[in-house]
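Everything below belongs to upload-v4.cif, which stores mmCIF, C-alpha atoms.
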```cif
data_work
#
loop_
_atom_site.label_atom_id
_atom_site.label_comp_id
_atom_site.auth_asym_id
_atom_site.auth_seq_id
_atom_site.Cartn_x
_atom_site.Cartn_y
_atom_site.Cartn_z
CA MET A 25 -132.45 66.39 -144.44
CA ALA A 26 -131.30 63.11 -145.95
CA PRO A 27 -134.64 62.18 -147.57
CA ASP A 28 -134.82 65.61 -149.23
CA LEU A 29 -131.45 65.42 -150.97
CA GLU A 30 -133.11 64.62 -154.29
CA SER A 31 -134.92 67.94 -154.30
CA ARG A 32 -131.86 70.03 -153.47
CA SER A 33 -128.98 71.37 -155.55
CA HIS A 34 -126.98 68.14 -155.28
CA PRO A 35 -129.39 65.32 -156.22
CA ILE A 36 -128.64 61.80 -155.08
CA LYS A 37 -129.01 60.57 -158.66
CA GLU A 38 -126.07 62.72 -159.72
CA THR A 39 -123.91 62.03 -156.67
CA LYS A 40 -121.72 59.01 -156.14
CA PRO A 41 -122.47 56.92 -153.02
CA GLU A 42 -119.00 57.59 -151.62
CA ASP A 43 -119.61 61.34 -151.97
CA ILE A 44 -122.89 61.07 -150.09
CA GLU A 45 -121.15 59.25 -147.25
CA ALA A 46 -118.39 61.86 -147.23
CA PHE A 47 -120.92 64.57 -146.37
CA LYS A 48 -122.46 62.59 -143.52
CA VAL A 49 -121.92 64.75 -140.42
CA ASP A 50 -120.06 63.26 -137.46
CA PHE A 51 -118.03 64.41 -134.47
CA GLU A 52 -114.34 65.15 -134.89
CA LEU A 53 -111.91 63.14 -132.76
CA ASP A 54 -111.57 65.80 -130.05
CA ASP A 55 -114.82 67.62 -130.72
CA VAL A 56 -115.75 69.61 -127.62
CA THR A 57 -119.44 69.41 -128.57
CA ASN A 58 -119.34 65.63 -128.19
CA PRO A 59 -120.78 64.88 -124.73
CA LYS A 60 -118.28 62.05 -124.29
CA ASN A 61 -115.50 64.67 -124.48
CA PHE A 62 -116.90 66.89 -121.72
CA SER A 63 -114.51 67.46 -118.82
CA THR A 64 -114.90 65.29 -115.73
CA LEU A 65 -116.00 68.21 -113.55
CA TYR A 66 -118.60 69.28 -116.10
CA LYS A 67 -119.94 65.74 -116.33
CA ILE A 68 -120.25 65.62 -112.53
CA TRP A 69 -122.25 68.86 -112.62
CA LEU A 70 -124.56 67.48 -115.31
CA VAL A 71 -125.01 64.17 -113.47
CA PHE A 72 -125.96 66.11 -110.34
CA GLN A 73 -128.62 68.10 -112.22
CA MET A 74 -130.11 65.03 -113.86
CA SER A 75 -130.03 63.08 -110.59
CA MET A 76 -132.01 65.84 -108.90
CA LEU A 77 -134.57 65.68 -111.71
CA ALA A 78 -134.91 61.93 -111.23
CA MET A 79 -135.10 62.29 -107.45
CA THR A 80 -137.89 64.86 -107.81
CA GLY A 81 -139.89 62.45 -109.94
CA ALA A 82 -139.39 59.72 -107.35
CA LEU A 83 -140.02 62.05 -104.40
CA GLY A 84 -143.47 62.86 -105.72
CA SER A 85 -144.63 59.29 -105.23
CA SER A 86 -144.52 59.34 -101.43
CA ILE A 87 -144.36 62.94 -100.25
CA ILE A 88 -148.15 63.08 -99.99
CA SER A 89 -148.50 59.82 -98.03
CA PRO A 90 -148.28 61.36 -94.52
CA GLY A 91 -151.29 63.49 -95.40
CA SER A 92 -153.60 60.54 -96.02
CA THR A 93 -155.57 61.08 -92.82
CA GLN A 94 -156.07 64.77 -93.54
CA ILE A 95 -157.08 64.02 -97.14
CA ALA A 96 -159.59 61.43 -95.93
CA GLU A 97 -161.11 63.91 -93.50
CA TYR A 98 -161.30 66.69 -96.10
CA THR A 99 -162.70 64.61 -98.96
CA SER A 100 -164.80 62.22 -96.84
CA ALA A 101 -162.97 59.31 -98.46
CA SER A 102 -161.84 56.23 -96.56
CA ILE A 103 -158.25 55.79 -95.43
CA GLU A 104 -158.02 52.81 -97.75
CA ALA A 105 -159.12 54.93 -100.71
CA THR A 106 -156.51 57.59 -99.99
CA SER A 107 -153.81 54.99 -100.60
CA LEU A 108 -154.63 55.59 -104.26
CA THR A 109 -152.72 58.87 -104.02
CA VAL A 110 -149.54 56.79 -104.06
CA ALA A 111 -150.76 53.86 -106.14
CA LEU A 112 -152.03 56.00 -109.03
CA PHE A 113 -148.84 58.06 -109.10
CA VAL A 114 -146.77 54.89 -109.39
CA LEU A 115 -149.18 53.57 -112.03
CA GLY A 116 -148.40 56.73 -113.98
CA TRP A 117 -144.73 55.72 -113.90
CA ALA A 118 -145.67 52.57 -115.84
CA PHE A 119 -147.32 54.49 -118.68
CA GLY A 120 -144.98 57.47 -118.84
CA PRO A 121 -141.92 55.82 -120.44
CA MET A 122 -144.04 54.79 -123.44
CA ILE A 123 -144.31 58.53 -124.14
CA TRP A 124 -140.99 59.92 -122.96
CA ALA A 125 -138.69 57.25 -124.41
CA PRO A 126 -139.75 57.96 -128.03
CA VAL A 127 -139.64 61.72 -127.40
CA SER A 128 -136.13 61.40 -125.99
CA GLU A 129 -134.91 59.23 -128.87
CA VAL A 130 -136.24 61.56 -131.56
CA TYR A 131 -136.06 65.06 -130.08
CA GLY A 132 -133.34 64.66 -127.45
CA ARG A 133 -132.93 64.33 -123.71
CA ARG A 134 -133.84 67.91 -122.86
CA LEU A 135 -137.25 67.71 -124.52
CA GLY A 136 -137.65 64.25 -123.04
CA MET A 137 -137.27 65.57 -119.48
CA LEU A 138 -137.63 69.32 -118.98
CA PRO A 139 -141.18 69.95 -120.27
CA ALA A 140 -142.33 66.91 -118.29
CA ILE A 141 -140.81 68.14 -115.02
CA PHE A 142 -142.52 71.50 -115.53
CA VAL A 143 -145.90 69.85 -116.13
CA LEU A 144 -145.30 67.68 -113.05
CA GLY A 145 -145.17 70.93 -111.08
CA LEU A 146 -148.46 72.02 -112.62
CA PHE A 147 -150.20 68.76 -111.71
CA SER A 148 -148.75 68.99 -108.20
CA ILE A 149 -150.43 72.37 -107.85
CA GLY A 150 -153.58 70.78 -109.24
CA THR A 151 -153.48 68.17 -106.48
CA ALA A 152 -152.80 70.81 -103.83
CA THR A 153 -155.84 72.85 -104.89
CA SER A 154 -158.19 69.90 -105.36
CA LYS A 155 -161.63 70.11 -103.77
CA ASN A 156 -162.57 66.42 -103.86
CA ALA A 157 -161.02 62.96 -103.89
CA GLU A 158 -161.61 62.41 -107.59
CA SER A 159 -159.52 65.43 -108.60
CA VAL A 160 -156.80 64.41 -106.15
CA PHE A 161 -156.60 60.94 -107.70
CA LEU A 162 -156.74 62.20 -111.29
CA THR A 163 -154.00 64.81 -110.88
CA ARG A 164 -151.83 62.31 -109.04
CA PHE A 165 -152.10 59.81 -111.88
CA PHE A 166 -151.13 62.36 -114.54
CA GLY A 167 -148.42 63.70 -112.25
CA GLY A 168 -146.92 60.22 -112.15
CA ILE A 169 -146.90 60.03 -115.95
CA PHE A 170 -144.85 63.22 -116.18
CA ALA A 171 -142.68 62.35 -113.17
CA SER A 172 -141.50 59.21 -114.96
CA ALA A 173 -139.71 61.22 -117.67
CA PRO A 174 -136.45 61.90 -115.82
CA ILE A 175 -136.55 58.52 -114.08
CA SER A 176 -136.57 56.71 -117.42
CA ASN A 177 -134.39 59.09 -119.46
CA VAL A 178 -131.59 60.05 -117.09
CA PRO A 179 -129.90 56.61 -117.40
CA ALA A 180 -130.01 57.04 -121.18
CA ALA A 181 -128.37 60.46 -120.86
CA LEU A 182 -125.57 58.88 -118.83
CA GLY A 183 -124.89 56.58 -121.76
CA ASP A 184 -124.52 59.69 -123.92
CA MET A 185 -121.66 60.99 -121.78
CA PHE A 186 -119.86 58.00 -120.31
CA PRO A 187 -118.25 54.92 -121.87
CA PRO A 188 -119.36 51.59 -120.38
CA ALA A 189 -116.20 51.29 -118.28
CA THR A 190 -116.93 54.43 -116.23
CA ARG A 191 -120.71 54.65 -116.51
CA GLY A 192 -121.28 52.54 -113.40
CA ASN A 193 -120.12 55.21 -110.96
CA ALA A 194 -122.53 57.79 -112.34
CA MET A 195 -125.35 55.26 -112.52
CA THR A 196 -124.81 54.33 -108.88
CA PHE A 197 -125.37 57.92 -107.81
CA VAL A 198 -128.46 58.27 -110.02
CA ALA A 199 -129.88 55.00 -108.66
CA LEU A 200 -129.26 56.24 -105.12
CA CYS A 201 -131.21 59.40 -105.86
CA ILE A 202 -134.09 57.53 -107.50
CA THR A 203 -134.42 55.11 -104.60
CA GLY A 204 -133.80 57.87 -102.08
CA GLY A 205 -136.70 59.97 -103.35
CA PRO A 206 -139.47 57.71 -102.00
CA THR A 207 -137.52 57.44 -98.74
CA LEU A 208 -137.22 61.21 -98.27
CA GLY A 209 -140.82 61.82 -99.33
CA PRO A 210 -142.53 60.72 -96.09
CA ILE A 211 -139.94 62.59 -94.01
CA ILE A 212 -140.57 65.88 -95.81
CA GLY A 213 -144.30 65.20 -95.99
CA SER A 214 -144.55 64.51 -92.27
CA ALA A 215 -142.77 67.76 -91.41
CA LEU A 216 -145.30 69.65 -93.52
CA THR A 217 -148.48 67.87 -92.44
CA VAL A 218 -147.82 68.17 -88.69
CA ASN A 219 -147.56 71.93 -89.08
CA HIS A 220 -151.08 73.25 -88.55
CA ASN A 221 -150.33 76.29 -90.72
CA LEU A 222 -149.42 74.09 -93.68
CA GLY A 223 -151.07 70.66 -93.87
CA TRP A 224 -151.33 68.06 -96.64
CA ARG A 225 -151.70 70.57 -99.48
CA TRP A 226 -148.19 71.84 -98.85
CA THR A 227 -146.70 68.44 -99.60
CA GLU A 228 -147.77 69.03 -103.20
CA TYR A 229 -146.85 72.70 -103.18
CA MET A 230 -143.36 71.67 -102.07
CA GLU A 231 -143.15 69.15 -104.91
CA ALA A 232 -144.17 71.90 -107.34
CA ILE A 233 -141.59 74.34 -105.95
CA ILE A 234 -138.81 71.80 -106.33
CA ALA A 235 -139.95 70.87 -109.84
CA PHE A 236 -140.13 74.50 -111.02
CA PHE A 237 -136.75 75.33 -109.48
CA LEU A 238 -135.07 72.38 -111.18
CA PHE A 239 -136.80 73.18 -114.46
CA ALA A 240 -135.37 76.72 -114.40
CA LEU A 241 -131.91 75.50 -113.38
CA CYS A 242 -131.71 72.76 -116.00
CA ALA A 243 -133.22 74.93 -118.73
CA LEU A 244 -130.26 77.25 -118.24
CA CYS A 245 -127.48 74.79 -117.38
CA LEU A 246 -128.30 71.37 -118.83
CA PRO A 247 -127.23 70.95 -122.48
CA GLU A 248 -128.46 68.40 -124.98
CA THR A 249 -126.43 65.18 -124.69
CA TYR A 250 -128.00 62.88 -127.30
CA ALA A 251 -125.42 62.60 -130.09
CA PRO A 252 -127.83 62.00 -133.04
CA VAL A 253 -129.78 65.16 -132.19
CA LEU A 254 -126.56 67.16 -131.84
CA LEU A 255 -125.32 65.87 -135.19
CA LYS A 256 -128.63 66.62 -136.86
CA LEU A 257 -128.38 70.22 -135.63
CA LYS A 258 -124.77 70.34 -136.78
CA ALA A 259 -125.78 69.22 -140.27
CA GLN A 260 -128.48 71.88 -140.42
CA LYS A 261 -125.98 74.53 -139.29
CA LEU A 262 -123.42 73.45 -141.89
CA ARG A 263 -125.98 73.59 -144.69
CA LYS A 264 -126.97 77.08 -143.62
CA SER A 265 -123.45 78.43 -143.14
CA THR A 266 -121.89 76.90 -146.28
CA GLY A 267 -124.85 76.86 -148.61
CA ASP A 268 -123.96 73.26 -149.44
CA GLU A 269 -127.06 71.10 -149.19
CA ARG A 270 -125.12 67.83 -149.23
CA TYR A 271 -124.41 67.84 -145.49
CA TRP A 272 -126.76 65.39 -143.79
CA HIS A 273 -127.28 63.02 -140.88
CA PRO A 274 -129.52 59.91 -140.69
CA HIS A 275 -131.33 61.18 -137.59
CA GLU A 276 -133.04 63.81 -139.75
CA LYS A 277 -135.31 61.01 -140.99
CA GLU A 278 -136.40 60.01 -137.49
CA LYS A 279 -139.93 60.79 -136.41
CA ILE A 280 -142.48 59.57 -133.90
CA ASP A 281 -145.18 57.39 -135.40
CA VAL A 282 -147.39 54.58 -134.16
CA HIS A 283 -145.40 51.88 -135.95
CA ASN A 284 -142.11 53.07 -134.44
CA VAL A 285 -143.53 53.28 -130.92
CA VAL A 286 -145.15 49.83 -131.12
CA THR A 287 -142.25 47.96 -132.72
CA LYS A 288 -139.39 49.66 -130.92
CA HIS A 289 -140.63 50.76 -127.51
CA LEU A 290 -143.54 48.46 -126.71
CA ALA A 291 -142.53 45.24 -128.41
CA ARG A 292 -138.86 45.25 -127.40
CA PRO A 293 -139.44 44.40 -123.69
CA LEU A 294 -141.67 41.52 -124.74
CA VAL A 295 -139.08 40.25 -127.22
CA LEU A 296 -136.33 40.42 -124.61
CA TYR A 297 -138.51 38.67 -122.05
CA SER A 298 -139.43 35.88 -124.42
CA SER A 299 -135.98 35.35 -125.95
CA ARG A 300 -133.55 35.85 -123.08
CA LEU A 301 -133.67 33.59 -120.06
CA GLN A 302 -131.75 36.05 -117.85
CA TYR A 303 -134.41 38.73 -118.38
CA ARG A 304 -137.13 36.34 -117.23
CA PHE A 305 -135.29 35.60 -114.01
CA SER A 306 -134.58 39.30 -113.40
CA THR A 307 -138.27 40.21 -113.70
CA MET A 308 -139.28 37.38 -111.38
CA SER A 309 -136.76 38.18 -108.66
#
```

As structure tokens, what does this structure read like?
Amino acid sequence: MAPDLESRSHPIKETKPEDIEAFKVDFELDDVTNPKNFSTLYKIWLVFQMSMLAMTGALGSSIISPGSTQIAEYTSASIEATSLTVALFVLGWAFGPMIWAPVSEVYGRRLGMLPAIFVLGLFSIGTATSKNAESVFLTRFFGGIFASAPISNVPAALGDMFPPATRGNAMTFVALCITGGPTLGPIIGSALTVNHNLGWRWTEYMEAIIAFFLFALCALCLPETYAPVLLKLKAQKLRKSTGDERYWHPHEKEKIDVHNVVTKHLARPLVLYSSRLQYRFSTMS
């Protein structure tokens, strides 16, 4: 790691600055490990996987809504109270990116999305097996936090693979999936709740099945796309294979801490809102 160079066999004090820069790891011009150099067909396949992850996170918000009457009858809650099953899930979306954005920026897109989609499945099962309204509401809120991971990180992953000139096409498809999830949710949920052998619990079981299936698929088929993480791993591999400790990458210094989260991920939206007039109008529209 870059900060540890002083303690290794090639100390910074004895190395010229130009030599240090020469051992900074980067992609070659036609490096096949660079996500921007992936083939078009492979990029389409990856966009499809990530879009399905994002759609699953969005689908979870509304798939349970047709079961509100059944939930009210089972838990003795009012119909108005059961609207919290959707509201709390969406509230979870608001808090989730404060967790998953830093994770994605430090540890990569895979760790920023895949563990979260798996835990979403677990909380969906928790909702499906709930015995009272309180547990339904609690598991829905935490489910929303984990569901937000692909919704917030998939657009970032597109930036890893596509230049600005061609990114719009991929982003259009992802946006269609994200907005289509809440639209498909009530359709799927209604088909499940009207079946007397299934009922409202199966809306959450279905969400869990989809989440677990996509987790398995993407764990096998979705590679890391965040360049700094890939280059950090490349530097570590070069040090191991060559025995030369001078190979390094700046991302090796990155870590998650309170200061970084507050200044970079929480304060930035406020700075943009206060300093850019166009952002104010976009949030008010």

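Applied to this file, the PyMOL selection byres ((chain A and resi 206) around 8) selects the residues A:Ala82, A:Leu83, A:Gly84, A:Ser85, A:Ser86, A:Ile87, A:Ile202, A:Thr203, A:Gly204, A:Gly205, A:Thr207, A:Leu208, A:Gly209, A:Pro210.
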
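Interatomic distance, atom CA of Asn193 of chain A against atom CA of Phe119 of chain A: 28.3 Å.
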
Quick one: which residues end up in the PyMOL selection byres ((chain A and resi 251) around 12) for this structure, as a ChimeraX atom specification? /A:49-51,55,57-61,128-133,180-185,247-250,252-258,273-275

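Minimum atom-to-atom distances from A:Met230, A:Val160, A:Val282, A:Leu241 to Val110 of chain A were compared using only C-alpha atoms, and the lowest value belongs to A:Val160.
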
Output of the PyMOL selection byres ((chain A and resi 137-143) around 9), listed as a PyMOL selection string: chain A and resi 77+80-81+124+128+132-136+144-148+167+169-175+177-178+232+235-236+238-240+242-243

Best match for closeness to Leu244 of chain A among A:Val127, A:Ser100, A:Leu70, A:Glu52, counting all atoms listed in the file: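 Using all atoms listed in the file, the shortest distance to Leu244 of chain A belongs to A:Leu70.
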
Could you please determine the separation between atom CA of Thr109 of chain A and atom CA of Glu231 of chain A in Å, to one decimal place? 14.1 Å

Just how far from atom CA of Phe161 of chain A is atom CA of Ser92 of chain A, in Å to one decimal?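 Distance reported for this atom pair: 12.1 Å.
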
Once you add 4 Å to each side, what are the centre and edge lengths of the axis-aligned box holding all listed atoms of segment 158-177 of chain A? One decimal in Å, as lines of an AutoDock Vina configuration file, if you can.
```
center_x = -148.0
center_y = 61.1
center_z = -112.8
size_x = 35.2
size_y = 16.7
size_z = 21.3
```

Quick one: everything within 9 Å of Thr106 of chain A, counting only C-alpha atoms, minus sequence neighbours fewer than 2 positions away in the same chain. Send it as a CSV table (one decimal) with C-alpha atoms, in the coordinates of the input.
```csv
chain,number,residue,atom,x,y,z
A,89,SER,CA,-148.5,59.8,-98.0
A,92,SER,CA,-153.6,60.5,-96.0
A,93,THR,CA,-155.6,61.1,-92.8
A,95,ILE,CA,-157.1,64.0,-97.1
A,96,ALA,CA,-159.6,61.4,-95.9
A,101,ALA,CA,-163.0,59.3,-98.5
A,102,SER,CA,-161.8,56.2,-96.6
A,103,ILE,CA,-158.2,55.8,-95.4
A,104,GLU,CA,-158.0,52.8,-97.8
A,108,LEU,CA,-154.6,55.6,-104.3
A,109,THR,CA,-152.7,58.9,-104.0
A,110,VAL,CA,-149.5,56.8,-104.1
A,157,ALA,CA,-161.0,63.0,-103.9
A,161,PHE,CA,-156.6,60.9,-107.7
```

Of the residues A:Thr151, A:Leu115, A:Pro188, A:Leu262, which is the one nearest to Thr227 of chain A, using only C-alpha atoms?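 Looking at the shortest contact to Thr227 of chain A, the residue is A:Thr151.
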
Which one of A:Met79, A:Cys245, A:Val295, A:Ile233 sits closest to Ala199 of chain A if you count all atoms listed in the file?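 Checking each of A:Met79, A:Cys245, A:Val295, A:Ile233 against Ala199 of chain A, counting all atoms listed in the file, the winner is A:Met79.
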
Find the spatial neighbours of Phe197 of chain A, counting all atoms listed in the file, within a cut-off of 9 Å - ignore same-chain residues fewer than 4 positions away - and output them as a PyMOL selection string. chain A and resi 71-72+75+192-193+201-202

Nearest candidate to Thr99 of chain A (options A:Phe113, A:Ile68, A:Ala215, A:Glu158; using all atoms listed in the file):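 Under the stated criterion, the closest residue is A:Glu158.
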